[in-house]
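Below is input_20.csv, which holds CSV, C-alpha atoms.
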```csv
chain,number,residue,atom,x,y,z
A,4,GLY,CA,-4.1,-21.5,20.6
A,5,ARG,CA,-0.6,-20.5,19.4
A,6,ASN,CA,-0.5,-17.5,21.8
A,7,THR,CA,-0.9,-18.3,25.5
A,8,ILE,CA,-1.9,-14.8,26.5
A,9,ASN,CA,-4.4,-14.3,23.7
A,10,THR,CA,-6.0,-17.8,24.4
A,11,LEU,CA,-6.4,-17.1,28.1
A,12,GLN,CA,-7.8,-13.6,27.4
A,13,ALA,CA,-10.4,-15.0,25.1
A,14,ILE,CA,-11.5,-17.6,27.7
A,15,TYR,CA,-11.7,-14.9,30.4
A,16,GLU,CA,-13.7,-12.5,28.2
A,17,LEU,CA,-16.2,-15.3,27.4
A,18,ARG,CA,-16.5,-16.1,31.1
A,19,ASN,CA,-17.3,-12.4,31.9
A,20,LEU,CA,-20.0,-12.4,29.3
A,21,GLY,CA,-21.5,-15.5,30.8
A,22,VAL,CA,-20.7,-17.8,27.9
A,23,GLU,CA,-19.8,-21.3,28.8
A,24,VAL,CA,-17.0,-23.0,26.9
A,25,TYR,CA,-16.8,-26.8,26.8
A,26,PHE,CA,-13.7,-28.7,25.8
A,27,GLU,CA,-14.8,-32.0,24.4
A,28,THR,CA,-11.4,-33.7,24.4
A,29,ASP,CA,-10.7,-33.0,28.2
A,30,GLU,CA,-14.4,-33.0,29.1
A,31,LEU,CA,-14.0,-29.8,31.0
A,32,TYR,CA,-16.0,-26.6,31.2
A,33,ALA,CA,-14.4,-23.1,31.3
A,34,SER,CA,-15.9,-22.6,34.7
A,35,ASN,CA,-13.9,-25.5,36.1
A,36,SER,CA,-10.9,-24.3,38.2
A,37,LYS,CA,-8.7,-27.0,36.8
A,38,LEU,CA,-9.0,-25.6,33.3
A,39,ASP,CA,-6.7,-22.6,33.9
A,40,PHE,CA,-3.7,-24.8,34.7
A,41,MET,CA,-4.4,-27.2,31.8
A,42,LEU,CA,-5.1,-24.4,29.3
A,43,THR,CA,-1.9,-22.6,30.2
A,44,MET,CA,0.1,-25.8,29.8
A,45,TYR,CA,-1.4,-26.7,26.5
A,46,SER,CA,-1.2,-23.2,25.1
A,47,ALA,CA,2.5,-22.9,26.1
A,48,LEU,CA,3.3,-26.2,24.4
A,49,ALA,CA,1.4,-25.1,21.2
A,50,GLN,CA,3.3,-21.7,21.3
A,51,GLU,CA,6.6,-23.4,21.7
A,52,GLU,CA,5.8,-25.7,18.7
A,53,SER,CA,4.9,-22.6,16.7
A,54,ARG,CA,8.2,-21.0,17.6
A,55,GLN,CA,10.2,-24.0,16.6
A,56,GLN,CA,8.4,-24.2,13.3
A,57,SER,CA,9.0,-20.5,12.7
A,58,VAL,CA,12.7,-21.0,13.3
A,59,ARG,CA,12.9,-24.0,10.9
A,60,VAL,CA,11.1,-22.0,8.2
A,61,SER,CA,13.3,-19.0,8.6
A,62,ALA,CA,16.4,-21.1,8.5
A,63,GLY,CA,15.3,-22.7,5.3
A,64,ILE,CA,14.5,-19.4,3.7
A,65,HIS,CA,17.9,-18.0,4.7
A,66,GLU,CA,19.7,-21.1,3.4
A,67,ARG,CA,18.0,-20.7,0.0
A,68,MET,CA,18.8,-17.0,-0.2
A,69,GLU,CA,22.5,-17.6,0.6
A,70,SER,CA,22.7,-20.3,-2.1
A,71,GLY,CA,21.0,-18.1,-4.7
A,72,ASN,CA,17.9,-20.4,-4.9
A,73,ILE,CA,15.4,-17.6,-4.9
A,74,ALA,CA,13.2,-18.2,-7.9
A,75,GLY,CA,10.2,-18.9,-5.7
A,76,ARG,CA,10.7,-15.6,-3.7
A,77,VAL,CA,11.1,-13.2,-6.7
A,78,GLN,CA,7.8,-12.1,-8.2
A,79,PRO,CA,7.4,-10.2,-11.4
A,80,ILE,CA,6.7,-6.5,-11.2
A,81,LEU,CA,5.3,-4.0,-13.7
A,82,GLY,CA,7.3,-4.7,-17.0
A,83,TYR,CA,8.0,-8.3,-16.2
A,84,ARG,CA,6.4,-11.7,-16.3
A,85,LYS,CA,7.3,-15.2,-15.1
A,86,ASP,CA,7.2,-18.3,-17.3
A,87,ASN,CA,6.4,-21.9,-16.4
A,88,ASN,CA,10.0,-22.4,-15.4
A,89,LYS,CA,9.8,-19.5,-12.9
A,90,LYS,CA,12.2,-17.4,-15.0
A,91,ILE,CA,11.6,-13.7,-15.2
A,92,TYR,CA,11.3,-12.2,-18.6
A,93,ILE,CA,10.5,-8.7,-20.0
A,94,TYR,CA,6.9,-8.1,-21.0
A,95,GLU,CA,7.4,-5.5,-23.8
A,96,PRO,CA,4.0,-3.8,-23.7
A,97,GLU,CA,4.7,-2.7,-20.1
A,98,ALA,CA,8.5,-2.3,-20.6
A,99,VAL,CA,7.8,0.6,-23.0
A,100,PHE,CA,5.9,2.3,-20.2
A,101,ILE,CA,8.9,1.9,-17.8
A,102,ARG,CA,11.4,3.2,-20.4
A,103,THR,CA,9.2,6.2,-21.1
A,104,ILE,CA,9.2,7.2,-17.4
A,105,PHE,CA,13.0,7.1,-17.2
A,106,LEU,CA,13.5,9.0,-20.4
A,107,MET,CA,11.0,11.7,-19.5
A,108,TYR,CA,12.5,12.1,-16.1
A,109,ALA,CA,16.0,12.4,-17.6
A,110,CYS,CA,14.6,15.2,-19.9
A,111,ASP,CA,13.3,17.1,-16.9
A,112,ILE,CA,9.7,16.8,-17.8
A,113,ASN,CA,7.3,17.6,-14.9
A,114,MET,CA,6.0,14.4,-13.3
A,115,HIS,CA,2.4,15.6,-13.3
A,116,ASP,CA,2.7,16.1,-17.1
A,117,VAL,CA,4.2,12.6,-17.4
A,118,SER,CA,1.2,11.2,-15.4
A,119,ARG,CA,-1.4,12.7,-17.8
A,120,TRP,CA,0.6,11.5,-20.8
A,121,LEU,CA,0.9,8.0,-19.5
A,122,GLU,CA,-2.8,7.8,-18.6
A,123,ARG,CA,-3.7,8.8,-22.1
A,124,ASP,CA,-1.2,6.6,-24.0
A,125,PHE,CA,-1.2,3.5,-21.8
A,126,PRO,CA,-4.9,2.9,-21.0
A,127,ASN,CA,-4.4,-0.9,-20.5
A,128,ILE,CA,-1.8,-0.4,-17.9
A,129,GLY,CA,-3.9,2.2,-16.3
A,130,LYS,CA,-6.4,-0.4,-15.2
A,131,LYS,CA,-3.9,-1.9,-12.9
A,132,ALA,CA,-1.9,1.1,-11.7
A,133,SER,CA,-2.4,4.7,-10.7
A,134,TYR,CA,0.0,7.3,-12.1
A,135,ARG,CA,0.4,9.3,-9.0
A,136,THR,CA,3.7,10.8,-8.2
A,137,THR,CA,4.4,8.0,-5.6
A,138,LEU,CA,4.3,5.4,-8.3
A,139,TYR,CA,6.4,7.6,-10.6
A,140,ALA,CA,9.1,7.8,-7.9
A,141,ASP,CA,8.8,4.0,-7.0
A,142,VAL,CA,9.5,3.1,-10.6
A,143,LEU,CA,12.5,5.4,-10.9
A,144,LYS,CA,14.3,4.0,-7.8
A,145,ASN,CA,13.5,0.3,-8.2
A,146,PRO,CA,16.7,-1.7,-8.8
A,147,ARG,CA,14.7,-4.4,-10.5
A,148,TYR,CA,14.7,-2.4,-13.7
A,149,ARG,CA,18.5,-2.6,-14.0
A,150,GLY,CA,18.3,-6.4,-13.4
A,151,GLY,CA,19.1,-6.5,-9.7
A,152,VAL,CA,17.1,-8.1,-6.9
A,153,ILE,CA,17.3,-7.1,-3.2
A,154,LEU,CA,15.8,-9.5,-0.6
A,155,GLN,CA,15.1,-9.2,3.1
A,156,LYS,CA,14.5,-5.5,3.0
A,157,THR,CA,12.0,-6.2,5.8
A,158,PHE,CA,11.6,-8.9,8.4
A,159,LYS,CA,9.2,-10.1,11.1
A,160,THR,CA,10.2,-9.1,14.5
A,161,CYS,CA,8.2,-11.8,16.3
A,162,TYR,CA,6.6,-15.0,15.2
A,163,VAL,CA,3.6,-14.4,17.5
A,164,ASN,CA,2.3,-11.1,16.3
A,165,GLY,CA,3.9,-11.1,12.8
A,166,LEU,CA,5.1,-7.5,13.2
A,167,ILE,CA,7.1,-6.4,10.1
A,168,LYS,CA,10.0,-4.0,10.4
A,169,ARG,CA,12.3,-2.4,7.8
A,170,ASN,CA,15.7,-4.0,7.9
A,171,LYS,CA,18.3,-1.4,8.9
A,172,GLY,CA,21.1,-3.8,9.5
A,173,GLU,CA,19.6,-6.1,12.1
A,174,LYS,CA,19.6,-8.9,9.5
A,175,PRO,CA,21.6,-9.6,6.4
A,176,ILE,CA,20.3,-8.1,3.1
A,177,TYR,CA,20.8,-10.2,0.0
A,178,ILE,CA,21.7,-8.5,-3.3
A,179,TYR,CA,21.7,-10.3,-6.6
A,180,GLU,CA,23.1,-8.4,-9.5
A,181,ASN,CA,22.1,-9.3,-13.1
A,182,TYR,CA,19.4,-11.7,-11.8
A,183,HIS,CA,17.2,-11.1,-14.8
A,184,THR,CA,17.3,-9.1,-18.0
A,185,ASN,CA,17.3,-5.3,-17.4
A,186,ILE,CA,14.7,-3.0,-18.9
A,187,ILE,CA,17.0,0.0,-18.2
A,188,PRO,CA,20.7,-0.2,-18.8
A,189,LYS,CA,22.7,0.0,-15.6
A,190,SER,CA,24.6,3.2,-16.6
A,191,PHE,CA,21.4,5.0,-17.4
A,192,PHE,CA,19.8,3.8,-14.2
A,193,ASP,CA,22.7,5.1,-12.2
A,194,TYR,CA,22.5,8.4,-14.0
A,195,VAL,CA,18.8,8.8,-13.1
A,196,GLN,CA,19.6,8.0,-9.4
A,197,GLU,CA,22.3,10.7,-9.3
A,198,LYS,CA,19.8,13.1,-10.9
A,199,ARG,CA,17.2,12.2,-8.3
A,200,LYS,CA,19.7,12.7,-5.5
A,201,ASN,CA,20.6,16.2,-6.8
A,202,HIS,CA,16.9,17.2,-7.2
A,203,LYS,CA,16.0,16.4,-3.6
A,204,VAL,CA,14.6,19.3,-1.7
A,205,ILE,CA,16.5,20.0,1.5
A,206,TYR,CA,14.3,21.2,4.3
A,207,GLN,CA,15.5,24.3,6.0
A,208,PRO,CA,13.9,24.7,9.5
A,209,ALA,CA,13.0,28.1,10.8
A,210,THR,CA,15.7,30.0,12.7
A,211,PHE,CA,14.1,29.5,16.1
A,212,ASN,CA,12.3,26.2,15.5
A,213,GLN,CA,12.4,23.9,18.5
A,214,LEU,CA,14.0,26.6,20.6
A,215,ILE,CA,11.0,28.7,21.7
A,216,PHE,CA,8.4,27.1,24.0
A,217,CYS,CA,5.1,28.4,25.5
A,218,GLY,CA,5.4,29.5,29.1
A,219,CYS,CA,2.0,28.2,30.0
A,220,CYS,CA,1.7,24.8,28.3
A,221,THR,CA,5.5,24.2,27.5
A,222,ARG,CA,4.7,23.2,23.9
A,223,ASN,CA,6.8,24.2,21.0
A,224,MET,CA,6.0,27.7,19.5
A,225,ASN,CA,5.5,27.2,15.7
A,226,SER,CA,5.7,30.0,13.2
A,227,VAL,CA,2.3,31.0,11.9
A,228,THR,CA,1.5,33.3,8.9
A,229,ARG,CA,-1.7,35.2,8.9
A,230,ASN,CA,-3.1,36.7,5.7
A,231,ARG,CA,0.2,36.1,4.0
A,232,LYS,CA,1.7,39.1,5.7
A,233,THR,CA,1.7,38.9,9.5
A,234,LYS,CA,3.9,36.3,11.1
A,235,ARG,CA,3.7,35.2,14.7
A,236,ARG,CA,4.4,32.2,16.9
A,237,ASP,CA,1.6,30.0,18.2
A,238,CYS,CA,1.7,26.9,20.5
A,239,ASN,CA,-1.7,25.6,19.2
```
Rewrite the structure from the file as structure tokens, please.
Amino acid sequence: GRNTINTLQAIYELRNLGVEVYFETDELYASNSKLDFMLTMYSALAQEESRQQSVRVSAGIHERMESGNIAGRVQPILGYRKDNNKKIYIYEPEAVFIRTIFLMYACDINMHDVSRWLERDFPNIGKKASYRTTLYADVLKNPRYRGGVILQKTFKTCYVNGLIKRNKGEKPIYIYENYHTNIIPKSFFDYVQEKRKNHKVIYQPATFNQLIFCGCCTRNMNSVTRNRKTKRRDCN
């Protein structure tokens, strides 16, 4: 086991269920009192070995990213393909789809209308992707389409549980400009990003939101509209 706690928990659960575990190498049964000490020791050694291996792998990945040797880590996305030399190139049948999304957004065409149009005119791409508004937004904000690559936007917080966290400055973020040919010119891409920023809806909270609390349960009193006319505050 690579995790001492998980290994011991599994053995104890099997014991409670009346399942006997026999370790052939050490010729010991799980019911033997000597096993707890030996199992803890072996599992701790295995866990330390796993930690050292994780450190070595991470160091190698960071070294390659710092030197720019990232061909193996950059995968093609919609609109791109990778050749036998691991070089990213534009796949024109899908690149037309990407350019269309940017152009229609720049022309202020409703995204739902764009979705219907794309489903009709790009049936082959439709087999691999859904034209929901989430995809529409993801395409518009992806820097890959202007030729840039950003690595280590997320990272694993622990080698044991493999928990992934979004990188908010805890680790370096690697940015590679002009890594591959762009589908969207940089100036037009920046124009669309500025347009997206200006079109964002700013949420305006109610006047007394988070200020009025229920005297019985102490929960926040939310504004509730009944029959589109009557407004009152409710803690449920």
Closest of A:Tyr45, A:Tyr92, A:Tyr32, A:Tyr177 to Glu69 in chain A - atom-to-atom distances counting all atoms listed in the file
A:Tyr177
Using all atoms listed in the file, can you tell me which of A:Ala47, A:Val195, A:Ile112, A:Leu154 comes closest to Ile178 in chain A?
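Closest to Ile178 in chain A, using all atoms listed in the file: A:Leu154.
Residues lying within 12 Å of Thr157 in chain A, counting only C-alpha atoms and ignoring same-chain neighbours fewer than 2 positions away, are Ile153, Leu154, Gln155, Lys159, Thr160, Gly165, Leu166, Ile167, Lys168, Arg169, Asn170, Lys171, Gly172, Glu173, Lys174, Pro175, Ile176 and Tyr177 of chain A.
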Could you state the separation of CA of Gln56 in chain A and CA of Val24 in chain A in Å, given to one decimal place?
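Distance reported for this atom pair: 28.8 Å.
Between CA of Glu97 in chain A and CA of Leu143 in chain A there is a distance of 14.5 Å.
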Between CA of Glu30 in chain A and CA of Leu42 in chain A, what is the distance in Å, rounded to a tenth?
12.7 Å
Might you pull out every residue within 9 Å of Thr103 in chain A, with all atoms listed in the file counted and same-chain residues fewer than 4 positions away left off, and present them as JSON, numbers by chain?
{"A": [98, 99, 107, 108, 117, 121]}
Extract range 43-71 of chain A from the preceding block and save N, CA and C atoms as an mmCIF file, in the first residue's frame.
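Listed below is the output, decode_29.cif:
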```cif
data_model
loop_
_atom_site.group_PDB
_atom_site.id
_atom_site.type_symbol
_atom_site.label_atom_id
_atom_site.label_comp_id
_atom_site.auth_asym_id
_atom_site.auth_seq_id
_atom_site.Cartn_x
_atom_site.Cartn_y
_atom_site.Cartn_z
ATOM 1 N N THR A 43 2.602 -1.424 9.471
ATOM 2 C CA THR A 43 2.835 0.016 9.584
ATOM 3 C C THR A 43 4.199 0.387 9.030
ATOM 4 N N MET A 44 5.205 -0.392 9.352
ATOM 5 C CA MET A 44 6.564 -0.115 8.889
ATOM 6 C C MET A 44 6.666 -0.233 7.367
ATOM 7 N N TYR A 45 6.136 -1.332 6.819
ATOM 8 C CA TYR A 45 6.221 -1.539 5.375
ATOM 9 C C TYR A 45 5.422 -0.486 4.608
ATOM 10 N N SER A 46 4.253 -0.175 5.116
ATOM 11 C CA SER A 46 3.420 0.823 4.439
ATOM 12 C C SER A 46 4.066 2.202 4.483
ATOM 13 N N ALA A 47 4.704 2.542 5.607
ATOM 14 C CA ALA A 47 5.390 3.838 5.723
ATOM 15 C C ALA A 47 6.546 3.924 4.735
ATOM 16 N N LEU A 48 7.284 2.831 4.581
ATOM 17 C CA LEU A 48 8.387 2.813 3.614
ATOM 18 C C LEU A 48 7.862 2.968 2.186
ATOM 19 N N ALA A 49 6.774 2.264 1.891
ATOM 20 C CA ALA A 49 6.183 2.368 0.550
ATOM 21 C C ALA A 49 5.664 3.772 0.294
ATOM 22 N N GLN A 50 5.067 4.389 1.324
ATOM 23 C CA GLN A 50 4.542 5.744 1.173
ATOM 24 C C GLN A 50 5.671 6.740 0.952
ATOM 25 N N GLU A 51 6.779 6.582 1.652
ATOM 26 C CA GLU A 51 7.928 7.470 1.467
ATOM 27 C C GLU A 51 8.527 7.297 0.076
ATOM 28 N N GLU A 52 8.572 6.066 -0.397
ATOM 29 C CA GLU A 52 9.066 5.814 -1.752
ATOM 30 C C GLU A 52 8.171 6.495 -2.789
ATOM 31 N N SER A 53 6.856 6.426 -2.558
ATOM 32 C CA SER A 53 5.907 7.078 -3.461
ATOM 33 C C SER A 53 6.089 8.595 -3.440
ATOM 34 N N ARG A 54 6.337 9.156 -2.250
ATOM 35 C CA ARG A 54 6.551 10.603 -2.138
ATOM 36 C C ARG A 54 7.800 11.042 -2.895
ATOM 37 N N GLN A 55 8.884 10.294 -2.743
ATOM 38 C CA GLN A 55 10.127 10.638 -3.429
ATOM 39 C C GLN A 55 9.976 10.539 -4.940
ATOM 40 N N GLN A 56 9.245 9.538 -5.384
ATOM 41 C CA GLN A 56 9.004 9.394 -6.817
ATOM 42 C C GLN A 56 8.169 10.559 -7.341
ATOM 43 N N SER A 57 7.162 10.975 -6.566
ATOM 44 C CA SER A 57 6.336 12.109 -6.956
ATOM 45 C C SER A 57 7.159 13.390 -7.058
ATOM 46 N N VAL A 58 8.091 13.583 -6.106
ATOM 47 C CA VAL A 58 8.957 14.759 -6.131
ATOM 48 C C VAL A 58 9.842 14.752 -7.371
ATOM 49 N N ARG A 59 10.407 13.581 -7.715
ATOM 50 C CA ARG A 59 11.274 13.482 -8.890
ATOM 51 C C ARG A 59 10.510 13.755 -10.178
ATOM 52 N N VAL A 60 9.302 13.202 -10.273
ATOM 53 C CA VAL A 60 8.487 13.415 -11.471
ATOM 54 C C VAL A 60 8.119 14.895 -11.610
ATOM 55 N N SER A 61 7.711 15.514 -10.496
ATOM 56 C CA SER A 61 7.333 16.939 -10.529
ATOM 57 C C SER A 61 8.515 17.809 -10.913
ATOM 58 N N ALA A 62 9.699 17.492 -10.383
ATOM 59 C CA ALA A 62 10.893 18.268 -10.714
ATOM 60 C C ALA A 62 11.219 18.161 -12.201
ATOM 61 N N GLY A 63 11.060 16.958 -12.768
ATOM 62 C CA GLY A 63 11.313 16.777 -14.190
ATOM 63 C C GLY A 63 10.337 17.555 -15.053
ATOM 64 N N ILE A 64 9.065 17.555 -14.653
ATOM 65 C CA ILE A 64 8.042 18.294 -15.405
ATOM 66 C C ILE A 64 8.325 19.785 -15.364
ATOM 67 N N HIS A 65 8.675 20.316 -14.186
ATOM 68 C CA HIS A 65 8.960 21.744 -14.052
ATOM 69 C C HIS A 65 10.191 22.132 -14.848
ATOM 70 N N GLU A 66 11.196 21.266 -14.864
ATOM 71 C CA GLU A 66 12.412 21.559 -15.627
ATOM 72 C C GLU A 66 12.108 21.649 -17.121
ATOM 73 N N ARG A 67 11.274 20.738 -17.615
ATOM 74 C CA ARG A 67 10.901 20.775 -19.029
ATOM 75 C C ARG A 67 10.073 22.005 -19.357
ATOM 76 N N MET A 68 9.173 22.402 -18.454
ATOM 77 C CA MET A 68 8.357 23.589 -18.715
ATOM 78 C C MET A 68 9.209 24.856 -18.704
ATOM 79 N N GLU A 69 10.188 24.919 -17.830
ATOM 80 C CA GLU A 69 11.062 26.089 -17.774
ATOM 81 C C GLU A 69 11.946 26.193 -19.012
ATOM 82 N N SER A 70 12.350 25.048 -19.559
ATOM 83 C CA SER A 70 13.210 25.048 -20.742
ATOM 84 C C SER A 70 12.418 25.166 -22.040
ATOM 85 N N GLY A 71 11.084 25.080 -21.955
ATOM 86 C CA GLY A 71 10.250 25.183 -23.147
ATOM 87 C C GLY A 71 10.016 23.869 -23.850
#
```
